[in-house]
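K.L.:
This is the content of run.csv (CSV, C-alpha atoms):
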```csv
chain,number,residue,atom,x,y,z
A,486,MET,CA,40.0,-79.5,-56.7
A,487,GLY,CA,42.0,-77.2,-54.4
A,488,ASP,CA,43.7,-78.0,-51.1
A,489,THR,CA,41.5,-75.8,-49.0
A,490,SER,CA,42.1,-77.3,-45.7
A,491,LYS,CA,45.1,-77.0,-43.4
A,492,SER,CA,44.7,-80.5,-42.0
A,493,LYS,CA,46.0,-83.8,-43.3
A,494,LEU,CA,44.0,-86.9,-43.7
A,495,GLU,CA,45.6,-90.0,-42.2
A,496,VAL,CA,45.0,-93.1,-44.4
A,497,ARG,CA,45.8,-96.5,-42.9
A,498,ILE,CA,46.0,-99.0,-45.7
A,499,TRP,CA,46.3,-102.8,-45.4
A,500,ARG,CA,49.6,-103.9,-47.1
A,501,GLY,CA,50.3,-107.5,-47.9
A,502,LYS,CA,48.1,-110.5,-48.4
A,503,ASP,CA,46.8,-112.5,-45.4
A,504,GLU,CA,49.9,-111.7,-43.5
A,505,GLY,CA,50.8,-108.0,-43.4
A,506,GLY,CA,50.0,-104.9,-41.6
A,507,PHE,CA,48.7,-101.4,-41.9
A,508,SER,CA,50.8,-98.6,-43.3
A,509,SER,CA,49.8,-95.0,-42.6
A,510,TYR,CA,50.0,-92.3,-45.3
A,511,PHE,CA,49.1,-88.6,-45.1
A,512,VAL,CA,47.3,-86.7,-47.8
A,513,PRO,CA,45.9,-83.2,-47.8
A,514,MET,CA,42.2,-82.9,-46.9
A,515,ARG,CA,40.4,-81.4,-49.8
A,516,ASP,CA,36.9,-80.0,-50.2
A,517,ASN,CA,35.9,-82.6,-52.7
A,518,GLN,CA,37.6,-86.0,-52.7
A,519,THR,CA,36.5,-89.6,-52.9
A,520,ILE,CA,38.1,-92.5,-51.2
A,521,LEU,CA,39.3,-93.7,-54.6
A,522,ASP,CA,40.9,-90.2,-55.2
A,523,VAL,CA,42.8,-90.6,-52.0
A,524,VAL,CA,44.0,-94.1,-52.9
A,525,THR,CA,45.1,-93.0,-56.3
A,526,GLU,CA,46.9,-90.0,-54.9
A,527,ILE,CA,48.8,-92.2,-52.5
A,528,GLN,CA,49.7,-94.7,-55.2
A,529,ARG,CA,50.9,-92.1,-57.6
A,530,GLU,CA,52.8,-89.9,-55.2
A,531,GLN,CA,53.8,-92.0,-52.2
A,532,GLU,CA,53.5,-95.7,-52.8
A,533,PRO,CA,53.8,-96.9,-56.4
A,534,ALA,CA,53.7,-100.6,-55.3
A,535,LEU,CA,50.2,-100.2,-53.8
A,536,ALA,CA,47.8,-102.6,-55.4
A,537,TYR,CA,44.1,-101.6,-55.8
A,538,ARG,CA,41.5,-102.1,-58.5
A,539,PHE,CA,39.3,-99.6,-60.3
A,540,ALA,CA,38.1,-98.9,-63.8
A,541,CYS,CA,35.2,-96.5,-64.5
A,542,ARG,CA,35.5,-94.2,-61.5
A,543,VAL,CA,31.8,-93.3,-61.8
A,544,GLY,CA,29.9,-96.1,-60.0
A,545,VAL,CA,29.2,-98.3,-63.0
A,546,CYS,CA,31.8,-101.1,-63.1
A,547,GLY,CA,31.7,-102.2,-59.5
A,548,SER,CA,35.5,-102.9,-59.3
A,549,CYS,CA,36.7,-100.5,-56.7
A,550,ALA,CA,34.9,-101.8,-53.6
A,551,MET,CA,36.9,-102.0,-50.4
A,552,THR,CA,36.3,-102.1,-46.7
A,553,VAL,CA,36.3,-98.5,-45.5
A,554,ASN,CA,36.4,-97.9,-41.8
A,555,GLY,CA,34.9,-101.3,-41.2
A,556,LYS,CA,32.1,-101.2,-43.8
A,557,PRO,CA,32.2,-102.3,-47.4
A,558,ARG,CA,31.7,-99.4,-49.8
A,559,TRP,CA,32.1,-98.4,-53.4
A,560,THR,CA,35.1,-96.1,-53.1
A,561,CYS,CA,34.6,-94.0,-56.3
A,562,ARG,CA,31.3,-92.7,-55.0
A,563,THR,CA,32.1,-92.4,-51.4
A,564,HIS,CA,33.3,-89.0,-50.3
A,565,VAL,CA,35.9,-88.7,-47.6
A,566,THR,CA,33.9,-86.2,-45.7
A,567,LYS,CA,31.1,-88.8,-45.4
A,568,VAL,CA,33.2,-91.4,-43.6
A,569,ALA,CA,36.4,-89.9,-42.2
A,570,GLY,CA,34.8,-88.0,-39.2
A,571,GLU,CA,38.0,-88.0,-37.2
A,572,GLY,CA,40.3,-87.5,-40.1
A,573,VAL,CA,41.4,-91.1,-40.3
A,574,LEU,CA,40.5,-93.6,-43.0
A,575,THR,CA,41.2,-97.3,-42.6
A,576,LEU,CA,41.2,-99.2,-45.9
A,577,GLU,CA,41.2,-103.0,-46.2
A,578,PRO,CA,40.2,-105.4,-48.9
A,579,LEU,CA,36.6,-106.8,-49.0
A,580,ARG,CA,35.7,-109.5,-46.5
A,581,ASN,CA,34.9,-113.1,-47.6
A,582,LEU,CA,37.1,-113.1,-50.7
A,583,PRO,CA,40.7,-114.5,-50.9
A,584,ARG,CA,43.2,-111.6,-50.8
A,585,ILE,CA,45.7,-111.2,-53.6
A,586,LYS,CA,47.7,-108.1,-52.5
A,587,ASP,CA,47.0,-105.0,-50.5
A,588,LEU,CA,43.4,-103.9,-51.4
A,589,VAL,CA,42.8,-106.4,-54.2
A,590,CYS,CA,40.8,-109.6,-53.8
A,591,ASP,CA,40.3,-112.6,-56.0
A,592,MET,CA,36.7,-112.3,-57.3
A,593,SER,CA,36.6,-115.8,-58.9
A,594,ALA,CA,34.5,-117.5,-56.3
A,595,PHE,CA,32.0,-114.6,-56.4
A,596,PHE,CA,31.4,-114.9,-60.1
A,597,GLN,CA,31.5,-118.7,-60.1
A,598,LYS,CA,28.6,-118.7,-57.7
A,599,TRP,CA,26.6,-116.5,-60.1
A,600,GLN,CA,26.9,-119.4,-62.6
A,601,LYS,CA,26.1,-122.0,-59.9
A,602,ALA,CA,22.9,-120.1,-59.1
A,603,GLY,CA,21.8,-120.4,-62.7
A,604,GLY,CA,22.7,-116.7,-63.4
A,605,LYS,CA,23.4,-117.2,-67.1
A,606,HIS,CA,20.6,-115.8,-69.3
A,607,VAL,CA,19.5,-118.4,-71.8
A,608,GLY,CA,17.8,-116.8,-74.8
A,609,THR,CA,14.7,-118.2,-76.4
A,610,ALA,CA,14.8,-116.3,-79.7
A,611,THR,CA,17.2,-116.3,-82.6
A,612,ARG,CA,18.8,-113.3,-84.3
A,613,LYS,CA,16.2,-113.8,-87.1
A,614,ASP,CA,13.3,-113.1,-84.6
A,615,ARG,CA,12.0,-109.7,-84.0
A,616,PRO,CA,13.1,-108.1,-80.7
A,617,ALA,CA,10.9,-109.3,-77.8
A,618,LEU,CA,8.1,-107.0,-76.9
A,619,VAL,CA,8.3,-106.7,-73.1
A,620,ASP,CA,5.3,-105.5,-71.2
A,621,ILE,CA,6.9,-103.2,-68.6
A,622,THR,CA,3.7,-103.1,-66.6
A,623,ASN,CA,3.7,-106.8,-66.0
A,624,PRO,CA,4.3,-107.4,-62.2
A,625,ALA,CA,7.0,-109.9,-62.9
A,626,ARG,CA,8.8,-107.4,-65.1
A,627,VAL,CA,8.5,-104.7,-62.5
A,628,THR,CA,9.9,-107.1,-59.9
A,629,ALA,CA,12.9,-108.0,-62.2
A,630,ASN,CA,13.5,-104.4,-62.9
A,631,ALA,CA,13.8,-103.5,-59.3
A,632,ALA,CA,16.7,-105.9,-58.8
A,633,ILE,CA,18.4,-105.8,-62.2
A,634,GLU,CA,20.8,-102.9,-61.9
A,635,CYS,CA,23.4,-104.9,-59.9
A,636,ILE,CA,27.0,-103.8,-60.7
A,637,ASN,CA,28.7,-107.0,-59.4
A,638,CYS,CA,30.7,-105.0,-56.8
A,639,ALA,CA,30.6,-107.9,-54.2
A,640,ILE,CA,29.8,-105.4,-51.4
A,641,CYS,CA,26.7,-107.5,-50.4
A,642,TYR,CA,28.9,-110.6,-50.6
A,643,SER,CA,31.4,-109.0,-48.3
A,644,ALA,CA,28.8,-107.7,-45.9
A,645,CYS,CA,27.0,-111.1,-45.6
A,646,ASP,CA,27.8,-113.1,-42.4
A,647,VAL,CA,26.3,-116.3,-43.9
A,648,VAL,CA,28.9,-116.2,-46.7
A,649,ALA,CA,31.5,-115.9,-43.9
A,650,TRP,CA,30.1,-118.9,-42.1
A,651,ASP,CA,29.3,-121.2,-45.1
A,652,LYS,CA,31.8,-121.3,-48.0
A,653,ASP,CA,29.2,-122.9,-50.2
A,654,TYR,CA,26.5,-120.2,-49.7
A,655,LEU,CA,25.9,-118.6,-53.1
A,656,GLY,CA,25.5,-115.2,-51.6
A,657,PRO,CA,23.1,-112.2,-52.0
A,658,ALA,CA,24.3,-111.1,-55.5
A,659,ALA,CA,24.0,-114.5,-57.2
A,660,LEU,CA,20.6,-115.2,-55.6
A,661,ASN,CA,19.4,-111.7,-56.6
A,662,ARG,CA,20.5,-112.4,-60.1
A,663,ALA,CA,18.6,-115.7,-60.0
A,664,TRP,CA,15.5,-113.9,-58.9
A,665,THR,CA,15.7,-111.4,-61.8
A,666,LEU,CA,15.9,-114.4,-64.3
A,667,VAL,CA,13.1,-116.2,-62.6
A,668,ASN,CA,11.0,-113.1,-63.3
A,669,ASP,CA,12.3,-112.7,-66.9
A,670,GLU,CA,9.9,-114.0,-69.5
A,671,ARG,CA,12.7,-114.1,-72.1
A,672,HIS,CA,14.8,-116.4,-70.0
A,673,GLY,CA,14.6,-120.0,-71.4
A,674,GLU,CA,15.5,-121.8,-68.2
A,675,ARG,CA,13.4,-120.2,-65.5
A,676,ASP,CA,12.6,-123.6,-63.8
A,677,GLU,CA,16.3,-124.6,-63.9
A,678,THR,CA,17.4,-121.3,-62.4
A,679,PHE,CA,14.8,-121.6,-59.7
A,680,ASP,CA,15.9,-125.1,-58.8
A,681,LYS,CA,19.5,-124.0,-58.6
A,682,SER,CA,18.7,-121.2,-56.3
A,683,PHE,CA,17.4,-123.8,-53.9
A,684,GLY,CA,20.3,-126.1,-54.4
A,685,GLU,CA,23.3,-126.5,-52.1
A,686,GLY,CA,24.1,-123.2,-50.5
A,687,GLY,CA,21.0,-121.7,-52.0
A,688,CYS,CA,18.4,-119.2,-50.7
A,689,SER,CA,17.2,-121.4,-47.8
A,690,SER,CA,20.6,-120.7,-46.1
A,691,CYS,CA,19.8,-116.9,-45.9
A,692,HIS,CA,19.2,-115.7,-42.3
A,693,SER,CA,17.5,-112.4,-43.4
A,694,GLN,CA,20.1,-110.4,-41.5
A,695,GLY,CA,19.7,-107.6,-44.0
A,696,ASN,CA,23.5,-106.7,-44.2
A,697,CYS,CA,23.3,-106.9,-48.1
A,698,THR,CA,20.4,-104.6,-48.4
A,699,ARG,CA,21.9,-102.2,-45.9
A,700,HIS,CA,25.1,-101.8,-47.8
A,701,CYS,CA,24.1,-102.2,-51.5
A,702,PRO,CA,25.5,-99.0,-53.1
A,703,VAL,CA,22.9,-99.1,-55.9
A,704,GLU,CA,20.0,-99.6,-53.5
A,705,ILE,CA,19.0,-103.1,-54.6
A,706,SER,CA,17.5,-105.3,-51.9
A,707,PRO,CA,18.9,-108.8,-52.2
A,708,SER,CA,17.0,-109.6,-49.0
A,709,GLU,CA,13.8,-108.9,-50.8
A,710,SER,CA,14.9,-111.0,-53.8
A,711,ILE,CA,15.8,-114.0,-51.7
A,712,ALA,CA,12.5,-113.6,-49.8
A,713,GLY,CA,10.8,-113.7,-53.3
A,714,LEU,CA,12.6,-117.0,-54.1
A,715,LYS,CA,11.5,-118.5,-50.8
A,716,ARG,CA,7.9,-117.4,-51.4
A,717,ALA,CA,7.9,-118.8,-54.9
A,718,ALA,CA,8.7,-122.2,-53.4
A,719,PHE,CA,5.1,-122.1,-52.0
A,720,SER,CA,3.3,-120.0,-54.6
A,721,GLY,CA,5.0,-121.2,-57.8
A,722,LEU,CA,7.1,-119.3,-60.3
A,723,PRO,CA,5.9,-115.7,-60.9
A,724,ASN,CA,3.5,-115.3,-63.8
A,725,THR,CA,5.5,-113.4,-66.5
A,726,GLY,CA,2.5,-113.2,-68.8
A,727,SER,CA,4.2,-115.4,-71.4
A,728,GLU,CA,2.6,-118.7,-70.3
B,823,MET,CA,46.7,-108.1,-38.0
B,824,SER,CA,44.3,-106.0,-36.1
B,825,LYS,CA,40.8,-107.2,-36.8
B,826,LEU,CA,39.7,-103.7,-36.3
B,827,SER,CA,36.2,-102.5,-37.0
B,828,LEU,CA,35.2,-105.5,-39.2
B,829,GLY,CA,32.0,-105.7,-37.2
B,830,LYS,CA,30.7,-102.2,-38.1
B,831,HIS,CA,28.7,-103.5,-41.0
B,832,ARG,CA,26.4,-105.3,-38.5
B,833,LEU,CA,25.4,-102.2,-36.7
B,834,HIS,CA,21.8,-101.9,-37.9
B,835,LYS,CA,18.3,-102.8,-36.7
B,836,SER,CA,17.8,-105.7,-39.0
B,837,TYR,CA,20.9,-107.5,-37.7
B,838,PHE,CA,20.0,-106.7,-34.1
B,839,ALA,CA,16.6,-108.3,-34.7
B,840,PHE,CA,18.4,-111.4,-36.2
B,841,LEU,CA,20.6,-111.5,-33.1
B,842,GLY,CA,17.7,-111.1,-30.7
B,843,HIS,CA,15.8,-114.0,-32.4
B,844,ARG,CA,18.7,-116.4,-32.4
B,845,LEU,CA,20.1,-115.6,-28.9
B,846,SER,CA,16.7,-115.7,-27.3
B,847,GLY,CA,16.2,-119.1,-29.0
B,848,LEU,CA,19.5,-120.3,-27.7
B,849,ALA,CA,18.7,-119.2,-24.2
B,850,LEU,CA,15.3,-121.0,-24.3
B,851,ALA,CA,17.0,-124.1,-25.6
B,852,ILE,CA,19.4,-124.0,-22.6
B,853,PHE,CA,16.4,-123.6,-20.2
B,854,LEU,CA,14.4,-126.5,-21.7
B,855,PRO,CA,16.2,-129.4,-20.0
B,856,PHE,CA,15.6,-127.8,-16.6
B,857,HIS,CA,11.9,-127.4,-17.5
B,858,PHE,CA,11.7,-131.1,-18.4
B,859,LEU,CA,13.6,-132.0,-15.2
B,860,ALA,CA,11.0,-130.1,-13.2
B,861,LEU,CA,8.1,-131.8,-15.0
B,862,GLY,CA,9.8,-135.2,-14.6
B,863,LEU,CA,9.8,-134.7,-10.8
B,864,ALA,CA,6.0,-135.1,-11.0
B,865,MET,CA,6.5,-138.8,-11.9
B,866,GLU,CA,8.7,-139.4,-8.9
B,867,GLY,CA,6.0,-138.5,-6.4
B,868,ASP,CA,4.2,-135.6,-4.7
B,869,ASP,CA,7.0,-134.7,-2.3
B,870,SER,CA,9.7,-134.0,-4.9
B,871,LEU,CA,7.3,-132.0,-7.1
B,872,ASP,CA,6.0,-130.0,-4.1
B,873,GLN,CA,9.6,-129.2,-3.1
B,874,MET,CA,10.3,-127.9,-6.6
B,875,LEU,CA,7.0,-125.8,-6.6
B,876,ALA,CA,8.0,-124.3,-3.2
B,877,PHE,CA,11.4,-123.5,-4.7
B,878,THR,CA,9.7,-121.6,-7.6
B,879,ASP,CA,8.0,-119.3,-5.0
B,880,ASN,CA,11.5,-117.9,-4.3
B,881,PRO,CA,11.6,-114.2,-5.6
B,882,ILE,CA,14.8,-114.9,-7.5
B,883,VAL,CA,13.1,-117.8,-9.3
B,884,LYS,CA,10.1,-115.6,-10.0
B,885,PHE,CA,12.4,-113.0,-11.5
B,886,ALA,CA,14.0,-115.7,-13.6
B,887,GLU,CA,10.5,-116.8,-14.7
B,888,TRP,CA,9.8,-113.3,-15.8
B,889,GLY,CA,13.0,-113.3,-17.8
B,890,LEU,CA,11.9,-116.5,-19.5
B,891,VAL,CA,8.5,-115.0,-20.4
B,892,ILE,CA,10.3,-112.0,-22.0
B,893,LEU,CA,12.7,-114.3,-23.9
B,894,LEU,CA,9.8,-116.4,-25.1
B,895,ALA,CA,7.9,-113.3,-26.2
B,896,LEU,CA,11.0,-111.9,-27.9
B,897,HIS,CA,11.6,-115.1,-29.8
B,898,PHE,CA,8.0,-115.3,-30.8
B,899,PHE,CA,7.8,-111.7,-32.1
B,900,PHE,CA,11.2,-111.8,-33.9
B,901,GLY,CA,10.2,-115.1,-35.4
B,902,LEU,CA,6.9,-113.6,-36.6
B,903,ARG,CA,9.0,-110.8,-38.2
B,904,VAL,CA,11.0,-113.4,-40.2
B,905,LEU,CA,7.9,-115.2,-41.3
B,906,LEU,CA,6.2,-112.0,-42.4
B,907,LEU,CA,9.4,-110.8,-44.2
B,908,GLU,CA,9.8,-114.1,-46.1
B,909,PHE,CA,6.2,-115.0,-46.9
B,910,THR,CA,4.4,-111.8,-47.7
B,911,PRO,CA,5.3,-109.3,-50.5
B,912,TRP,CA,7.4,-106.3,-49.7
B,913,PRO,CA,6.0,-102.8,-50.2
B,914,ASN,CA,9.4,-101.5,-51.2
B,915,ARG,CA,13.1,-102.4,-51.0
B,916,THR,CA,13.6,-100.8,-47.6
B,917,ASP,CA,10.7,-102.7,-46.1
B,918,PRO,CA,10.3,-101.2,-42.7
B,919,ARG,CA,9.7,-104.7,-41.4
B,920,LEU,CA,13.4,-105.4,-41.8
B,921,GLY,CA,14.0,-103.1,-38.9
B,922,TRP,CA,11.1,-104.4,-36.7
B,923,ILE,CA,13.2,-104.6,-33.6
B,924,VAL,CA,11.5,-101.9,-31.6
B,925,PRO,CA,8.0,-103.2,-32.1
B,926,GLY,CA,9.3,-106.7,-31.1
B,927,LEU,CA,10.9,-105.3,-28.0
B,928,PHE,CA,7.8,-103.4,-27.0
B,929,ALA,CA,5.5,-106.3,-27.6
B,930,ALA,CA,7.8,-108.6,-25.5
B,931,GLY,CA,7.9,-105.9,-22.8
B,932,PHE,CA,4.1,-105.8,-22.8
B,933,VAL,CA,3.9,-109.5,-22.4
B,934,GLY,CA,6.3,-109.3,-19.5
B,935,LEU,CA,4.2,-106.6,-17.9
B,936,ILE,CA,1.1,-108.8,-18.1
B,937,PHE,CA,3.1,-111.6,-16.5
B,938,ILE,CA,4.1,-109.3,-13.6
B,939,VAL,CA,0.5,-108.0,-13.1
B,940,GLN,CA,-1.3,-111.3,-13.5
B,941,VAL,CA,1.1,-113.9,-12.2
B,942,VAL,CA,3.6,-112.5,-9.7
```
Could you quickly redo this structure as structure tokens?

P.N.:
Amino acid sequence: MGDTSKSKLEVRIWRGKDEGGFSSYFVPMRDNQTILDVVTEIQREQEPALAYRFACRVGVCGSCAMTVNGKPRWTCRTHVTKVAGEGVLTLEPLRNLPRIKDLVCDMSAFFQKWQKAGGKHVGTATRKDRPALVDITNPARVTANAAIECINCAICYSACDVVAWDKDYLGPAALNRAWTLVNDERHGERDETFDKSFGEGGCSSCHSQGNCTRHCPVEISPSESIAGLKRAAFSGLPNTGSE
Amino acid sequence: MSKLSLGKHRLHKSYFAFLGHRLSGLALAIFLPFHFLALGLAMEGDDSLDQMLAFTDNPIVKFAEWGLVILLALHFFFGLRVLLLEFTPWPNRTDPRLGWIVPGLFAAGFVGLIFIVQVV
């Protein structure tokens, strides 16, 4: 990864917790660098006290999401050239989550809401049973598969205005998870998950703004999943073929 | 802290359709008391109602009426979008109906055109 450009990239990074300010750093523009590369370069060479979070660096773990030039993004898979049109990057922590330090948020509420939405899979078989034979052509399975690759990055949660307005709203990711379980024939508490998704702060609070679908880095559509939950309130739970 | 750019995530058609639906609804709600006031004048006698009807022939009021028709049509078509999104299956994850703002605007504009031709 050579430094092929003469120009420098200005990176404005939020320093502090709720109170703080932006500090500017300058790094060489390179042909091929991600936002996470830039943050790592700054942390290693200019600002050792800079706090940020990452793990896999390849778009699997969902831990490196930040607000980049005003939009929530996965920074390990976002190339600088895609977002720094004027040679300036502004990095902040995700919205709608309590800040800890610099670019790091407290994700506790986000994951607690997954539980509140009935997001825990409850098995119906024991280890002595044969592995479940899942019919991948069953429409409910197809529906679940379309929404199941969530990486828990909280980008949708950060992009959602309803989460910002209503602290009890479960959010797009938790409700998307509930929808996958409602469509999963192996889940032992489909009715309970469905009921929880309509509980306090549930899917009926969604305003169909589409921010979640617009920003999901793995191209899931929580809007579609939440619409599915709402539809099921009238048409009944999806037929998973196991009844 | 500068609140900079934290609104950029809203710059897409689906959000604009949401805004159009809610703001047109709010504007209609603000208008409604005046509408009921005008209707209520009918109970006070012919004169007061006639005065109100004469006032509505004013070109400015006609223009405002046209605006109301547009708002009502916008609210109807954006509301229809929400109902279709939420109560009918999606063909794919980027259902084009999410961005149904242009059809809604055109439909509302068409209704406004009919109002101008037929009523004004």

K.L.:
Tell me which protein, DNA and RNA residues are within 9 Å of B:Ser836, counting all atoms listed in the file, leaving out same-chain ones fewer than 2 positions away, and put them as a VMD selection string.

P.N.:
(chain A and resid 693 to 696 699) or (chain B and resid 832 to 834 838 to 841 919 to 923)

K.L.:
Enumerate as a list in words the residues belonging to chain A that approach chain B to within 6 Å, with only C-alpha atoms taken into account.

P.N.:
Gly506, Gly555, Lys556, Gln694, Gly695, Ser706, Ala712 and Arg716 of chain A

K.L.:
Determine, counting only C-alpha atoms, every residue of protein, DNA or RNA that lies within 8 Å of (27.5, -96.2, -59.7) in the file coordinates, then give the result as a PyMOL selection string.

P.N.:
chain A and resi 543-547+562+636+702-703

K.L.:
I'd like the contact shell of A:Thr725 - 8 Å cut-off, only C-alpha atoms, skipping same-chain residues fewer than 4 positions apart - returned as number ranges by chain.

P.N.:
A: 623-626, 668-670

K.L.:
If you count all atoms listed in the file, which residues fall within 10 Å of A:Val648, apart from same-chain ones fewer than 2 positions away, as number ranges by chain?

P.N.:
A: 580-582, 641-646, 650-657, 686, 690-691

K.L.:
Distance atom CA of B:His897-atom CA of B:Pro855, one decimal place?

P.N.:
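Computed distance, atom CA of B:His897 to atom CA of B:Pro855, equals 17.9 Å.
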
K.L.:
Kindly indicate which residue among B:Gly842, B:Gly934, B:His857, B:Thr878 lies nearest to B:Arg903, using only C-alpha atoms for the distances.

P.N.:
B:Gly842

K.L.:
Give me, as a PyMOL selection string, all polymer residues having an atom no more than 12 Å from B:Leu854, counting only C-alpha atoms and skipping those fewer than 6 positions away in the same chain.

P.N.:
chain B and resi 847-848+860-861+890+894

K.L.:
Quick one: write out the picked residues with C-alpha atoms as a PDB file, in the frame of the given file?

P.N.:
```
ATOM      1  CA  GLY B 847      16.200-119.100 -29.000  1.00  0.00           C
ATOM      2  CA  LEU B 848      19.500-120.300 -27.700  1.00  0.00           C
ATOM      3  CA  ALA B 860      11.000-130.100 -13.200  1.00  0.00           C
ATOM      4  CA  LEU B 861       8.100-131.800 -15.000  1.00  0.00           C
ATOM      5  CA  LEU B 890      11.900-116.500 -19.500  1.00  0.00           C
ATOM      6  CA  LEU B 894       9.800-116.400 -25.100  1.00  0.00           C
TER       7      LEU B 894
END
```

K.L.:
Considering only C-alpha atoms, return as a VMD selection string whatever protein or nucleic-acid residues lie within 12 Å of A:Gln528, sequence-local ones (same chain, fewer than 4 positions apart) excluded.

P.N.:
chain A and resid 496 498 510 to 512 521 to 524 532 to 538 587 to 588

K.L.:
Can you write just those residues out, C-alpha atoms, as a CSV table (one decimal), keeping the file's coordinate frame?

P.N.:
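Writing done, so here's again-v1.csv:
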```
chain,number,residue,atom,x,y,z
A,496,VAL,CA,45.0,-93.1,-44.4
A,498,ILE,CA,46.0,-99.0,-45.7
A,510,TYR,CA,50.0,-92.3,-45.3
A,511,PHE,CA,49.1,-88.6,-45.1
A,512,VAL,CA,47.3,-86.7,-47.8
A,521,LEU,CA,39.3,-93.7,-54.6
A,522,ASP,CA,40.9,-90.2,-55.2
A,523,VAL,CA,42.8,-90.6,-52.0
A,524,VAL,CA,44.0,-94.1,-52.9
A,532,GLU,CA,53.5,-95.7,-52.8
A,533,PRO,CA,53.8,-96.9,-56.4
A,534,ALA,CA,53.7,-100.6,-55.3
A,535,LEU,CA,50.2,-100.2,-53.8
A,536,ALA,CA,47.8,-102.6,-55.4
A,537,TYR,CA,44.1,-101.6,-55.8
A,538,ARG,CA,41.5,-102.1,-58.5
A,587,ASP,CA,47.0,-105.0,-50.5
A,588,LEU,CA,43.4,-103.9,-51.4
```

K.L.:
For B:Val933, which residue among B:Leu875, B:Asn880, B:Val891, B:Phe899 is the nearest when counting only C-alpha atoms?

P.N.:
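Ranked by minimum distance to B:Val933, first place goes to B:Val891.
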
K.L.:
Name the residues, using the chain letters and numbers of the file, that sit within 10 Å of (5.6, -111.8, -26.0) when counting all atoms listed in the file, and give them as a ChimeraX atom specification.

P.N.:
/B:891-900,926-937

K.L.:
Report, in Å to a single decimal, how far apart atom CA of A:Ala550 and atom CA of A:Ala639 are.

P.N.:
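Calculated distance between atom CA of A:Ala639 and atom CA of A:Ala550 is 7.5 Å.
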